[in-house]
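Structure file data-v3.txt with compact mmCIF, N, CA and C atoms and all ligand atoms:
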```
# COMPACT_ATOMS: atom_id res chain seq x y z
N MET A 12 -27.37 19.75 20.69
CA MET A 12 -27.24 19.00 19.44
C MET A 12 -27.27 17.51 19.74
N ASN A 13 -28.02 16.79 18.96
CA ASN A 13 -28.08 15.34 19.07
C ASN A 13 -27.34 14.73 17.89
N PRO A 14 -26.09 14.32 18.07
CA PRO A 14 -25.31 13.85 16.93
C PRO A 14 -25.91 12.59 16.30
N ALA A 15 -25.89 12.54 14.98
CA ALA A 15 -26.45 11.40 14.27
C ALA A 15 -25.52 10.19 14.37
N SER A 16 -24.23 10.43 14.49
CA SER A 16 -23.26 9.34 14.54
C SER A 16 -22.72 9.18 15.95
N PRO A 17 -22.65 7.95 16.46
CA PRO A 17 -22.07 7.77 17.80
C PRO A 17 -20.61 8.19 17.86
N PHE A 18 -19.91 8.21 16.70
CA PHE A 18 -18.52 8.66 16.71
C PHE A 18 -18.44 10.12 17.14
N LEU A 19 -19.43 10.94 16.75
CA LEU A 19 -19.40 12.35 17.10
C LEU A 19 -19.59 12.57 18.59
N GLU A 20 -20.18 11.61 19.28
CA GLU A 20 -20.39 11.76 20.72
C GLU A 20 -19.08 11.77 21.49
N THR A 21 -18.00 11.30 20.88
CA THR A 21 -16.71 11.26 21.57
C THR A 21 -15.92 12.55 21.41
N GLU A 22 -16.41 13.50 20.59
CA GLU A 22 -15.64 14.72 20.36
C GLU A 22 -15.37 15.48 21.65
N ASP A 23 -16.29 15.45 22.59
CA ASP A 23 -16.10 16.16 23.84
C ASP A 23 -15.60 15.25 24.96
N ALA A 24 -15.30 14.00 24.63
CA ALA A 24 -14.84 13.06 25.65
C ALA A 24 -13.46 13.48 26.17
N PRO A 25 -13.19 13.21 27.43
CA PRO A 25 -11.84 13.51 27.94
C PRO A 25 -10.80 12.69 27.18
N ARG A 26 -9.66 13.30 27.02
CA ARG A 26 -8.57 12.64 26.28
C ARG A 26 -7.71 11.82 27.24
N VAL A 27 -7.21 10.70 26.72
CA VAL A 27 -6.28 9.88 27.49
C VAL A 27 -5.04 9.64 26.65
N ASP A 28 -3.95 9.34 27.31
CA ASP A 28 -2.69 9.12 26.61
C ASP A 28 -2.50 7.65 26.30
N VAL A 29 -2.13 7.36 25.05
CA VAL A 29 -1.75 6.02 24.64
C VAL A 29 -0.47 6.17 23.82
N SER A 30 0.20 5.07 23.55
CA SER A 30 1.36 5.15 22.66
C SER A 30 1.17 4.20 21.49
N PHE A 31 1.64 4.60 20.33
CA PHE A 31 1.56 3.77 19.13
C PHE A 31 2.94 3.76 18.50
N ASP A 32 3.56 2.59 18.49
CA ASP A 32 4.93 2.45 17.99
C ASP A 32 5.86 3.51 18.59
N GLY A 33 5.68 3.76 19.86
CA GLY A 33 6.56 4.68 20.58
C GLY A 33 6.13 6.13 20.54
N ALA A 34 5.16 6.48 19.67
CA ALA A 34 4.68 7.86 19.60
C ALA A 34 3.56 8.05 20.61
N SER A 35 3.59 9.16 21.32
CA SER A 35 2.54 9.46 22.29
C SER A 35 1.36 10.09 21.58
N LEU A 36 0.15 9.56 21.84
CA LEU A 36 -1.07 10.06 21.22
C LEU A 36 -2.08 10.39 22.30
N SER A 37 -2.88 11.40 22.07
CA SER A 37 -3.98 11.77 22.96
C SER A 37 -5.28 11.46 22.25
N LEU A 38 -6.03 10.46 22.76
CA LEU A 38 -7.24 9.99 22.08
C LEU A 38 -8.44 10.13 23.01
N PRO A 39 -9.66 10.24 22.44
CA PRO A 39 -10.85 10.37 23.28
C PRO A 39 -11.15 9.08 24.04
N ASP A 40 -11.29 9.21 25.34
CA ASP A 40 -11.55 8.05 26.20
C ASP A 40 -12.86 7.38 25.77
N GLY A 41 -12.83 6.08 25.56
CA GLY A 41 -14.02 5.33 25.21
C GLY A 41 -14.35 5.29 23.74
N ALA A 42 -13.57 6.00 22.91
CA ALA A 42 -13.83 5.99 21.46
C ALA A 42 -13.42 4.64 20.88
N ASN A 43 -13.95 4.33 19.72
CA ASN A 43 -13.52 3.15 19.00
C ASN A 43 -12.03 3.33 18.67
N LEU A 44 -11.22 2.34 19.02
CA LEU A 44 -9.77 2.49 18.89
C LEU A 44 -9.35 2.68 17.44
N ALA A 45 -9.89 1.90 16.52
CA ALA A 45 -9.50 2.02 15.10
C ALA A 45 -9.87 3.40 14.57
N ALA A 46 -11.06 3.86 14.86
CA ALA A 46 -11.51 5.17 14.38
C ALA A 46 -10.66 6.28 14.98
N ALA A 47 -10.33 6.16 16.26
CA ALA A 47 -9.53 7.19 16.92
C ALA A 47 -8.13 7.26 16.32
N LEU A 48 -7.53 6.10 16.04
CA LEU A 48 -6.19 6.10 15.43
C LEU A 48 -6.24 6.70 14.03
N LEU A 49 -7.26 6.34 13.25
CA LEU A 49 -7.39 6.94 11.91
C LEU A 49 -7.55 8.45 12.01
N ALA A 50 -8.34 8.90 12.99
CA ALA A 50 -8.62 10.33 13.13
C ALA A 50 -7.38 11.15 13.45
N VAL A 51 -6.38 10.53 14.11
CA VAL A 51 -5.16 11.28 14.41
C VAL A 51 -4.06 11.02 13.38
N GLY A 52 -4.40 10.31 12.29
CA GLY A 52 -3.47 10.19 11.18
C GLY A 52 -2.71 8.90 11.05
N VAL A 53 -3.03 7.89 11.87
CA VAL A 53 -2.36 6.59 11.70
C VAL A 53 -2.96 5.93 10.45
N GLU A 54 -2.15 5.74 9.43
CA GLU A 54 -2.64 5.20 8.16
C GLU A 54 -2.29 3.74 7.96
N VAL A 55 -1.26 3.25 8.63
CA VAL A 55 -0.85 1.86 8.49
C VAL A 55 -0.91 1.20 9.86
N PHE A 56 -1.75 0.18 9.99
CA PHE A 56 -1.89 -0.53 11.26
C PHE A 56 -0.99 -1.76 11.30
N ARG A 57 -0.81 -2.39 10.17
CA ARG A 57 0.03 -3.59 10.09
C ARG A 57 0.49 -3.77 8.65
N HIS A 58 1.37 -4.75 8.43
CA HIS A 58 1.79 -5.15 7.09
C HIS A 58 1.50 -6.63 6.92
N THR A 59 1.11 -7.02 5.71
CA THR A 59 0.80 -8.43 5.49
C THR A 59 2.07 -9.26 5.57
N PRO A 60 1.97 -10.49 6.09
CA PRO A 60 3.17 -11.32 6.23
C PRO A 60 3.77 -11.76 4.91
N VAL A 61 2.97 -11.93 3.86
CA VAL A 61 3.48 -12.47 2.60
C VAL A 61 4.14 -11.38 1.75
N SER A 62 3.42 -10.30 1.45
CA SER A 62 3.96 -9.28 0.56
C SER A 62 4.47 -8.05 1.29
N GLY A 63 4.10 -7.90 2.57
CA GLY A 63 4.48 -6.71 3.31
C GLY A 63 3.59 -5.51 2.98
N ALA A 64 2.47 -5.75 2.29
CA ALA A 64 1.58 -4.65 1.91
C ALA A 64 0.99 -4.00 3.16
N PRO A 65 0.88 -2.68 3.16
CA PRO A 65 0.30 -1.99 4.31
C PRO A 65 -1.20 -2.21 4.39
N ARG A 66 -1.70 -2.28 5.60
CA ARG A 66 -3.13 -2.47 5.83
C ARG A 66 -3.62 -1.46 6.87
N ALA A 67 -4.88 -1.06 6.70
CA ALA A 67 -5.57 -0.17 7.64
C ALA A 67 -7.00 -0.65 7.75
N PRO A 68 -7.73 -0.20 8.75
CA PRO A 68 -9.11 -0.66 8.93
C PRO A 68 -9.93 -0.52 7.65
N PHE A 69 -10.76 -1.54 7.39
CA PHE A 69 -11.58 -1.56 6.19
C PHE A 69 -13.06 -1.74 6.54
N CYS A 70 -13.37 -2.79 7.28
CA CYS A 70 -14.79 -3.09 7.53
C CYS A 70 -15.33 -2.39 8.78
N MET A 71 -14.49 -2.15 9.75
CA MET A 71 -14.88 -1.55 11.03
C MET A 71 -15.94 -2.36 11.78
N MET A 72 -16.00 -3.67 11.50
CA MET A 72 -16.98 -4.50 12.22
C MET A 72 -16.43 -5.89 12.54
N GLY A 73 -15.12 -6.05 12.54
CA GLY A 73 -14.53 -7.30 13.00
C GLY A 73 -14.44 -8.40 11.98
N ALA A 74 -14.64 -8.11 10.70
CA ALA A 74 -14.65 -9.15 9.68
C ALA A 74 -13.35 -9.25 8.87
N CYS A 75 -12.68 -8.14 8.61
CA CYS A 75 -11.57 -8.17 7.64
C CYS A 75 -10.20 -8.39 8.28
N PHE A 76 -10.04 -8.11 9.52
CA PHE A 76 -8.77 -8.26 10.24
C PHE A 76 -7.66 -7.35 9.71
N ASP A 77 -8.01 -6.33 8.97
CA ASP A 77 -7.00 -5.40 8.47
C ASP A 77 -6.59 -4.37 9.52
N CYS A 78 -7.27 -4.34 10.64
CA CYS A 78 -7.00 -3.34 11.68
C CYS A 78 -6.15 -3.90 12.83
N LEU A 79 -5.52 -5.06 12.62
CA LEU A 79 -4.80 -5.68 13.72
C LEU A 79 -3.69 -4.78 14.24
N VAL A 80 -3.63 -4.67 15.54
CA VAL A 80 -2.53 -3.99 16.23
C VAL A 80 -2.17 -4.85 17.44
N GLU A 81 -0.99 -4.64 17.92
CA GLU A 81 -0.59 -5.33 19.15
C GLU A 81 -0.89 -4.41 20.31
N VAL A 82 -1.73 -4.87 21.22
CA VAL A 82 -2.17 -4.08 22.37
C VAL A 82 -1.61 -4.72 23.63
N ASP A 83 -0.73 -4.00 24.27
CA ASP A 83 -0.10 -4.53 25.48
C ASP A 83 0.43 -5.95 25.26
N GLY A 84 1.01 -6.17 24.07
CA GLY A 84 1.65 -7.45 23.77
C GLY A 84 0.75 -8.50 23.15
N VAL A 85 -0.54 -8.21 22.96
CA VAL A 85 -1.46 -9.18 22.39
C VAL A 85 -2.04 -8.63 21.09
N THR A 86 -2.04 -9.41 20.00
CA THR A 86 -2.59 -8.96 18.73
C THR A 86 -4.10 -8.95 18.79
N ARG A 87 -4.69 -7.78 18.52
CA ARG A 87 -6.15 -7.59 18.64
C ARG A 87 -6.67 -6.79 17.47
N GLN A 88 -8.00 -6.87 17.27
CA GLN A 88 -8.66 -6.06 16.25
C GLN A 88 -8.97 -4.69 16.86
N ALA A 89 -8.36 -3.65 16.33
CA ALA A 89 -8.56 -2.31 16.89
C ALA A 89 -10.00 -1.85 16.75
N CYS A 90 -10.71 -2.30 15.71
CA CYS A 90 -12.09 -1.84 15.52
C CYS A 90 -13.04 -2.45 16.54
N MET A 91 -12.59 -3.44 17.28
CA MET A 91 -13.44 -4.08 18.28
C MET A 91 -13.06 -3.65 19.70
N MET A 92 -12.24 -2.60 19.81
CA MET A 92 -11.77 -2.15 21.12
C MET A 92 -12.09 -0.68 21.34
N GLU A 93 -12.12 -0.29 22.60
CA GLU A 93 -12.28 1.11 22.96
C GLU A 93 -10.96 1.67 23.47
N VAL A 94 -10.78 2.95 23.27
CA VAL A 94 -9.61 3.65 23.81
C VAL A 94 -9.70 3.68 25.33
N SER A 95 -8.59 3.38 25.97
CA SER A 95 -8.50 3.54 27.42
C SER A 95 -7.10 4.02 27.78
N GLU A 96 -6.99 4.63 28.92
CA GLU A 96 -5.74 5.24 29.38
C GLU A 96 -4.60 4.23 29.39
N GLY A 97 -3.47 4.65 28.83
CA GLY A 97 -2.24 3.88 28.97
C GLY A 97 -2.05 2.72 28.03
N LEU A 98 -2.91 2.59 27.02
CA LEU A 98 -2.70 1.48 26.07
C LEU A 98 -1.33 1.63 25.42
N VAL A 99 -0.64 0.51 25.28
CA VAL A 99 0.64 0.49 24.58
C VAL A 99 0.42 -0.30 23.30
N LEU A 100 0.41 0.41 22.16
CA LEU A 100 0.07 -0.17 20.87
C LEU A 100 1.31 -0.24 19.99
N THR A 101 1.44 -1.33 19.27
CA THR A 101 2.51 -1.44 18.28
C THR A 101 1.95 -2.14 17.05
N ARG A 102 2.64 -1.95 15.92
CA ARG A 102 2.26 -2.70 14.72
C ARG A 102 2.73 -4.13 14.91
N PRO A 103 1.84 -5.12 14.63
CA PRO A 103 2.27 -6.52 14.74
C PRO A 103 3.40 -6.81 13.76
N GLN A 104 4.31 -7.64 14.17
CA GLN A 104 5.37 -8.07 13.27
C GLN A 104 4.78 -9.05 12.26
N ALA A 105 5.25 -8.99 11.01
CA ALA A 105 4.77 -9.90 9.98
C ALA A 105 4.93 -11.34 10.46
N GLY A 106 3.90 -12.13 10.29
CA GLY A 106 3.92 -13.51 10.71
C GLY A 106 3.34 -13.72 12.08
N GLU A 107 3.22 -12.66 12.88
CA GLU A 107 2.62 -12.79 14.20
C GLU A 107 1.14 -12.46 14.18
N ALA A 108 0.70 -11.73 13.13
CA ALA A 108 -0.71 -11.36 13.05
C ALA A 108 -1.55 -12.56 12.69
N TRP A 109 -2.85 -12.48 13.03
CA TRP A 109 -3.77 -13.55 12.65
C TRP A 109 -3.93 -13.50 11.15
N GLU A 110 -3.71 -14.54 10.47
CA GLU A 110 -3.91 -14.60 9.01
C GLU A 110 -4.64 -15.86 8.67
S1 LIG A 201 -11.51 -3.09 10.38
FE1 LIG A 201 -12.07 -5.06 9.70
S2 LIG A 201 -11.72 -6.33 11.42
FE2 LIG A 201 -11.30 -4.32 12.12
```

What do you get writing this file as structure tokens?
Ligand code: FES
Amino acid sequence: MNPASPFLETEDAPRVDVSFDGASLSLPDGANLAAALLAVGVEVFRHTPVSGAPRAPFCMMGACFDCLVEVDGVTRQACMMEVSEGLVLTRPQAGEAWE
């Protein structure tokens, strides 16, 4: 089978362990981080600093900044990253995210 979507190519990828807000997750190695988190049920990536409204990936191409997560202590766009072994992910604290 030749998958039409590159996301489907990761279905058989080896899984690696990452943590998100202290929860252990097994994600496909090399997958898009935002897509992989959505696929395992992470619905809220951050909260807005002003209203506290929940945000999740929207554009998946680096434009909206709704996918911000803290990766190993640095706030990054999850849609612009790949899954790799041992990532330590947390939701950015309000006011620390890029706005
Ligand atoms: S989903 Fe829009 S910047 Fe990542």

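Of note, CA of Glu96 (chain A) and atom FE1 of ligand LIG 201 (chain A) are spaced 23.1 Å apart.
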
Would you give me, as CSV, each residue of chain A having an atom within 6 Å of an atom of ligand LIG 201 (chain A), along with its shortest atom pair and that distance in Å to one decimal, using only C-alpha atoms and all ligand atoms and sorting by chain and residue number?
```
residue,atom,partner,partner_atom,distance
A:Pro68,CA,A:LIG201,S1,3.7
A:Phe69,CA,A:LIG201,S1,4.5
A:Cys70,CA,A:LIG201,FE1,4.0
A:Met71,CA,A:LIG201,S1,3.8
A:Met72,CA,A:LIG201,FE1,5.5
A:Gly73,CA,A:LIG201,S2,3.4
A:Ala74,CA,A:LIG201,S2,4.4
A:Cys75,CA,A:LIG201,FE1,3.8
A:Phe76,CA,A:LIG201,S2,3.7
A:Asp77,CA,A:LIG201,FE1,5.2
A:Cys78,CA,A:LIG201,FE2,4.4
A:Gln88,CA,A:LIG201,FE2,5.2
A:Ala89,CA,A:LIG201,FE2,5.9
A:Cys90,CA,A:LIG201,FE2,4.3
```

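The shortest atom-to-atom distance to Ser30 (chain A), with only C-alpha atoms taken into account, belongs to A:Val53 out of A:Val53, A:Asn43, A:Leu79, A:Gly63.
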
Find the residues around Ser95 (chain A) up to 6 Å (only N, CA and C atoms counted), leave out those fewer than 3 positions away in its own chain, and share them as a list in words.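 Near Ser95 (chain A), the qualifying residues are Val27, Asp40, Gly41 and Leu98 of chain A.
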
Taking N, CA and C atoms for each residue, export the selection above as a PDB file, in the coordinates of the input.
```
ATOM      1  N   VAL A  27      -7.210  10.700  26.720  1.00  0.00           N
ATOM      2  CA  VAL A  27      -6.280   9.880  27.490  1.00  0.00           C
ATOM      3  C   VAL A  27      -5.040   9.640  26.650  1.00  0.00           C
ATOM      4  N   ASP A  40     -11.290   9.210  25.340  1.00  0.00           N
ATOM      5  CA  ASP A  40     -11.550   8.050  26.200  1.00  0.00           C
ATOM      6  C   ASP A  40     -12.860   7.380  25.770  1.00  0.00           C
ATOM      7  N   GLY A  41     -12.830   6.080  25.560  1.00  0.00           N
ATOM      8  CA  GLY A  41     -14.020   5.330  25.210  1.00  0.00           C
ATOM      9  C   GLY A  41     -14.350   5.290  23.740  1.00  0.00           C
ATOM     10  N   LEU A  98      -2.910   2.590  27.020  1.00  0.00           N
ATOM     11  CA  LEU A  98      -2.700   1.480  26.070  1.00  0.00           C
ATOM     12  C   LEU A  98      -1.330   1.630  25.420  1.00  0.00           C
TER      13      LEU A  98
END
```

Applying 10 Å and only C-alpha atoms, which residues near Gly33 (chain A) remain after dropping the ones on its own chain fewer than 4 positions away? List them as a PyMOL selection string. chain A and resi 29+99-101

Quick one: distance from CA of Pro103 (chain A) to CA of Phe31 (chain A) in Å, one decimal? 11.2 Å

Using backbone DSSP assignments, extract all strand (DSSP E or B) residues from chain A; output them as a ChimeraX atom specification. /A:26-31,34-39,43,57-58,65-66,79-82,85-88,93,99-101

Any chance you can output those residues with N, CA and C atoms as a PDB file, keeping the file's coordinate frame?
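Written out: again07.pdb:
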```
ATOM      1  N   ARG A  26      -9.660  13.300  27.020  1.00  0.00           N
ATOM      2  CA  ARG A  26      -8.570  12.640  26.280  1.00  0.00           C
ATOM      3  C   ARG A  26      -7.710  11.820  27.240  1.00  0.00           C
ATOM      4  N   VAL A  27      -7.210  10.700  26.720  1.00  0.00           N
ATOM      5  CA  VAL A  27      -6.280   9.880  27.490  1.00  0.00           C
ATOM      6  C   VAL A  27      -5.040   9.640  26.650  1.00  0.00           C
ATOM      7  N   ASP A  28      -3.950   9.340  27.310  1.00  0.00           N
ATOM      8  CA  ASP A  28      -2.690   9.120  26.610  1.00  0.00           C
ATOM      9  C   ASP A  28      -2.500   7.650  26.300  1.00  0.00           C
ATOM     10  N   VAL A  29      -2.130   7.360  25.050  1.00  0.00           N
ATOM     11  CA  VAL A  29      -1.750   6.020  24.640  1.00  0.00           C
ATOM     12  C   VAL A  29      -0.470   6.170  23.820  1.00  0.00           C
ATOM     13  N   SER A  30       0.200   5.070  23.550  1.00  0.00           N
ATOM     14  CA  SER A  30       1.360   5.150  22.660  1.00  0.00           C
ATOM     15  C   SER A  30       1.170   4.200  21.490  1.00  0.00           C
ATOM     16  N   PHE A  31       1.640   4.600  20.330  1.00  0.00           N
ATOM     17  CA  PHE A  31       1.560   3.770  19.130  1.00  0.00           C
ATOM     18  C   PHE A  31       2.940   3.760  18.500  1.00  0.00           C
ATOM     19  N   ALA A  34       5.160   6.480  19.670  1.00  0.00           N
ATOM     20  CA  ALA A  34       4.680   7.860  19.600  1.00  0.00           C
ATOM     21  C   ALA A  34       3.560   8.050  20.610  1.00  0.00           C
ATOM     22  N   SER A  35       3.590   9.160  21.320  1.00  0.00           N
ATOM     23  CA  SER A  35       2.540   9.460  22.290  1.00  0.00           C
ATOM     24  C   SER A  35       1.360  10.090  21.580  1.00  0.00           C
ATOM     25  N   LEU A  36       0.150   9.560  21.840  1.00  0.00           N
ATOM     26  CA  LEU A  36      -1.070  10.060  21.220  1.00  0.00           C
ATOM     27  C   LEU A  36      -2.080  10.390  22.300  1.00  0.00           C
ATOM     28  N   SER A  37      -2.880  11.400  22.070  1.00  0.00           N
ATOM     29  CA  SER A  37      -3.980  11.770  22.960  1.00  0.00           C
ATOM     30  C   SER A  37      -5.280  11.460  22.250  1.00  0.00           C
ATOM     31  N   LEU A  38      -6.030  10.460  22.760  1.00  0.00           N
ATOM     32  CA  LEU A  38      -7.240   9.990  22.080  1.00  0.00           C
ATOM     33  C   LEU A  38      -8.440  10.130  23.010  1.00  0.00           C
ATOM     34  N   PRO A  39      -9.660  10.240  22.440  1.00  0.00           N
ATOM     35  CA  PRO A  39     -10.850  10.370  23.280  1.00  0.00           C
ATOM     36  C   PRO A  39     -11.150   9.080  24.040  1.00  0.00           C
ATOM     37  N   ASN A  43     -13.950   4.330  19.720  1.00  0.00           N
ATOM     38  CA  ASN A  43     -13.520   3.150  19.000  1.00  0.00           C
ATOM     39  C   ASN A  43     -12.030   3.330  18.670  1.00  0.00           C
ATOM     40  N   ARG A  57      -0.810  -2.390  10.170  1.00  0.00           N
ATOM     41  CA  ARG A  57       0.030  -3.590  10.090  1.00  0.00           C
ATOM     42  C   ARG A  57       0.490  -3.770   8.650  1.00  0.00           C
ATOM     43  N   HIS A  58       1.370  -4.750   8.430  1.00  0.00           N
ATOM     44  CA  HIS A  58       1.790  -5.150   7.090  1.00  0.00           C
ATOM     45  C   HIS A  58       1.500  -6.630   6.920  1.00  0.00           C
ATOM     46  N   PRO A  65       0.880  -2.680   3.160  1.00  0.00           N
ATOM     47  CA  PRO A  65       0.300  -1.990   4.310  1.00  0.00           C
ATOM     48  C   PRO A  65      -1.200  -2.210   4.390  1.00  0.00           C
ATOM     49  N   ARG A  66      -1.700  -2.280   5.600  1.00  0.00           N
ATOM     50  CA  ARG A  66      -3.130  -2.470   5.830  1.00  0.00           C
ATOM     51  C   ARG A  66      -3.620  -1.460   6.870  1.00  0.00           C
ATOM     52  N   LEU A  79      -5.520  -5.060  12.620  1.00  0.00           N
ATOM     53  CA  LEU A  79      -4.800  -5.680  13.720  1.00  0.00           C
ATOM     54  C   LEU A  79      -3.690  -4.780  14.240  1.00  0.00           C
ATOM     55  N   VAL A  80      -3.630  -4.670  15.540  1.00  0.00           N
ATOM     56  CA  VAL A  80      -2.530  -3.990  16.230  1.00  0.00           C
ATOM     57  C   VAL A  80      -2.170  -4.850  17.440  1.00  0.00           C
ATOM     58  N   GLU A  81      -0.990  -4.640  17.920  1.00  0.00           N
ATOM     59  CA  GLU A  81      -0.590  -5.330  19.150  1.00  0.00           C
ATOM     60  C   GLU A  81      -0.890  -4.410  20.310  1.00  0.00           C
ATOM     61  N   VAL A  82      -1.730  -4.870  21.220  1.00  0.00           N
ATOM     62  CA  VAL A  82      -2.170  -4.080  22.370  1.00  0.00           C
ATOM     63  C   VAL A  82      -1.610  -4.720  23.630  1.00  0.00           C
ATOM     64  N   VAL A  85      -0.540  -8.210  22.960  1.00  0.00           N
ATOM     65  CA  VAL A  85      -1.460  -9.180  22.390  1.00  0.00           C
ATOM     66  C   VAL A  85      -2.040  -8.630  21.090  1.00  0.00           C
ATOM     67  N   THR A  86      -2.040  -9.410  20.000  1.00  0.00           N
ATOM     68  CA  THR A  86      -2.590  -8.960  18.730  1.00  0.00           C
ATOM     69  C   THR A  86      -4.100  -8.950  18.790  1.00  0.00           C
ATOM     70  N   ARG A  87      -4.690  -7.780  18.520  1.00  0.00           N
ATOM     71  CA  ARG A  87      -6.150  -7.590  18.640  1.00  0.00           C
ATOM     72  C   ARG A  87      -6.670  -6.790  17.470  1.00  0.00           C
ATOM     73  N   GLN A  88      -8.000  -6.870  17.270  1.00  0.00           N
ATOM     74  CA  GLN A  88      -8.660  -6.060  16.250  1.00  0.00           C
ATOM     75  C   GLN A  88      -8.970  -4.690  16.860  1.00  0.00           C
ATOM     76  N   GLU A  93     -12.120  -0.290  22.600  1.00  0.00           N
ATOM     77  CA  GLU A  93     -12.280   1.110  22.960  1.00  0.00           C
ATOM     78  C   GLU A  93     -10.960   1.670  23.470  1.00  0.00           C
ATOM     79  N   VAL A  99      -0.640   0.510  25.280  1.00  0.00           N
ATOM     80  CA  VAL A  99       0.640   0.490  24.580  1.00  0.00           C
ATOM     81  C   VAL A  99       0.420  -0.300  23.300  1.00  0.00           C
ATOM     82  N   LEU A 100       0.410   0.410  22.160  1.00  0.00           N
ATOM     83  CA  LEU A 100       0.070  -0.170  20.870  1.00  0.00           C
ATOM     84  C   LEU A 100       1.310  -0.240  19.990  1.00  0.00           C
ATOM     85  N   THR A 101       1.440  -1.330  19.270  1.00  0.00           N
ATOM     86  CA  THR A 101       2.510  -1.440  18.280  1.00  0.00           C
ATOM     87  C   THR A 101       1.950  -2.140  17.050  1.00  0.00           C
TER      88      THR A 101
END
```

Rounded to one decimal, what separation in Å do you get between CA of Arg66 (chain A) and CA of Asp23 (chain A)?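 Here the two named atoms are 29.0 Å from each other.
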
Please identify the helix (DSSP H, G or I) residues within chain A (assignment by DSSP from backbone atoms) and present them as number ranges by chain. A: 17-21, 44-50, 89-91
